[in-house]
Amino acid sequence: MTKATKRMVKAALMLGTLTMAAAALTGCATQVKSLPLAAAGGESRGAVPVYFGEQNHPAVKRDLGDVSYSVRIARKVADADDACRDALTEAIGKLRAAARERSANAVIDIKTRFHSSESNSSREFTCGVSQSAAAIAVSGRLVVLEAN
């Protein structure tokens, strides 16, 4: 085999290896998703009601400050949407726990975010999901609302 032929075989092998590596990594990217809150249980019911975006709520009696949390969970379910809903459920649980610790009776103006993609919606939330995990950041205001 000549030197030129050996170089061509080596280059072809290298190209094949790079192609296989790129194909393997294609499924590893994180996907940013916007999903409906209604399907995720993002409603204002519960011991500590939560209100997303500009969702209507009773008048604020006292503002106790802002709070934010990031949640990353291992993806245990096959469906990416379900993984995002699980991450949102855990994040909302953290907001509610913070409200209880600071004697707030609600969390309002909740925003969801994944990196630079943010949602201030009362209808949907933003989440990032990969083959191995789902991640979300939530922020909101802890408040004491007037009684209905």
# chains A, B, ... in the order shown; residues from 1 in each chain; ligands from 1

call {"tool": "residues_around", "arguments": {"residues": "range 85-87 of chain A", "least_positions_apart": "6", "cutoff": "12 Å", "atoms": "only C-alpha atoms", "output": "ChimeraX atom specification"}}
result
/A:33-42,69-77,79,93-94,112-114,124-129,133-138

call {"tool": "select_by_dssp", "arguments": {"residues": "range 43-86 of chain A", "states": "strand (DSSP E or B)", "output": "PyMOL selection string"}}
result
chain A and resi 50-52+60-74

call {"tool": "write_last_selection", "arguments": {"atoms": "C-alpha atoms", "output": "compact mmCIF listing (two decimals), in the first residue's frame"}}
result
# COMPACT_ATOMS: atom_id res chain seq x y z
CA VAL A 50 -50.11 29.43 43.46
CA TYR A 51 -50.84 31.97 40.74
CA PHE A 52 -48.85 31.93 37.50
CA VAL A 60 -52.38 41.45 48.39
CA LYS A 61 -52.48 42.34 52.07
CA ARG A 62 -48.73 41.94 52.70
CA ASP A 63 -45.75 41.23 50.40
CA LEU A 64 -43.11 38.98 51.98
CA GLY A 65 -40.59 39.05 49.14
CA ASP A 66 -39.39 37.13 46.13
CA VAL A 67 -38.25 33.53 46.09
CA SER A 68 -36.76 31.32 43.39
CA TYR A 69 -35.69 27.71 43.03
CA SER A 70 -34.10 25.53 40.37
CA VAL A 71 -34.99 21.88 40.08
CA ARG A 72 -33.28 19.17 38.07
CA ILE A 73 -34.70 15.68 38.26
CA ALA A 74 -33.50 12.44 36.77

call {"tool": "select_by_dssp", "arguments": {"residues": "range 44-125 of chain A", "states": "helix (DSSP H, G or I)", "output": "PyMOL selection string"}}
result
chain A and resi 80-101

call {"tool": "closest_residue", "arguments": {"among": "A:Ala59, A:Ala91, A:Ala47, A:Ala29", "to": "Glu146 in chain A", "atoms": "only C-alpha atoms"}}
result
A:Ala59

call {"tool": "closest_residue", "arguments": {"among": "A:Ser121, A:Val48, A:Leu88, A:Ala78", "to": "Asp109 in chain A", "atoms": "only C-alpha atoms"}}
result
A:Ser121

call {"tool": "closest_residue", "arguments": {"among": "A:Ser119, A:Pro58, A:Ser139, A:Gly53", "to": "Asn105 in chain A", "atoms": "only C-alpha atoms"}}
result
A:Pro58

call {"tool": "atom_distance", "arguments": {"atom1": "CA of Arg141 in chain A", "atom2": "CA of Thr30 in chain A"}}
result
28.6 Å

call {"tool": "atom_distance", "arguments": {"atom1": "CA of Ser122 in chain A", "atom2": "CA of Ile110 in chain A"}}
result
8.5 Å

call {"tool": "residues_around", "arguments": {"residues": "Ala106 in chain A", "least_positions_apart": "4", "cutoff": "7 Å", "atoms": "only C-alpha atoms", "output": "list in words"}}
result
Val48, Pro49, Val50, Ala99, Leu142, Val143, Val144 and Leu145 of chain A

call {"tool": "write_last_selection", "arguments": {"atoms": "C-alpha atoms", "output": "compact mmCIF listing (two decimals), in the first residue's frame"}}
result
# COMPACT_ATOMS: atom_id res chain seq x y z
CA VAL A 48 -50.96 27.40 49.60
CA PRO A 49 -52.46 28.56 46.30
CA VAL A 50 -50.11 29.43 43.46
CA ALA A 99 -44.51 30.20 51.70
CA LEU A 142 -44.61 35.24 48.69
CA VAL A 143 -47.66 37.14 49.87
CA VAL A 144 -50.50 37.23 52.33
CA LEU A 145 -53.71 37.64 50.37
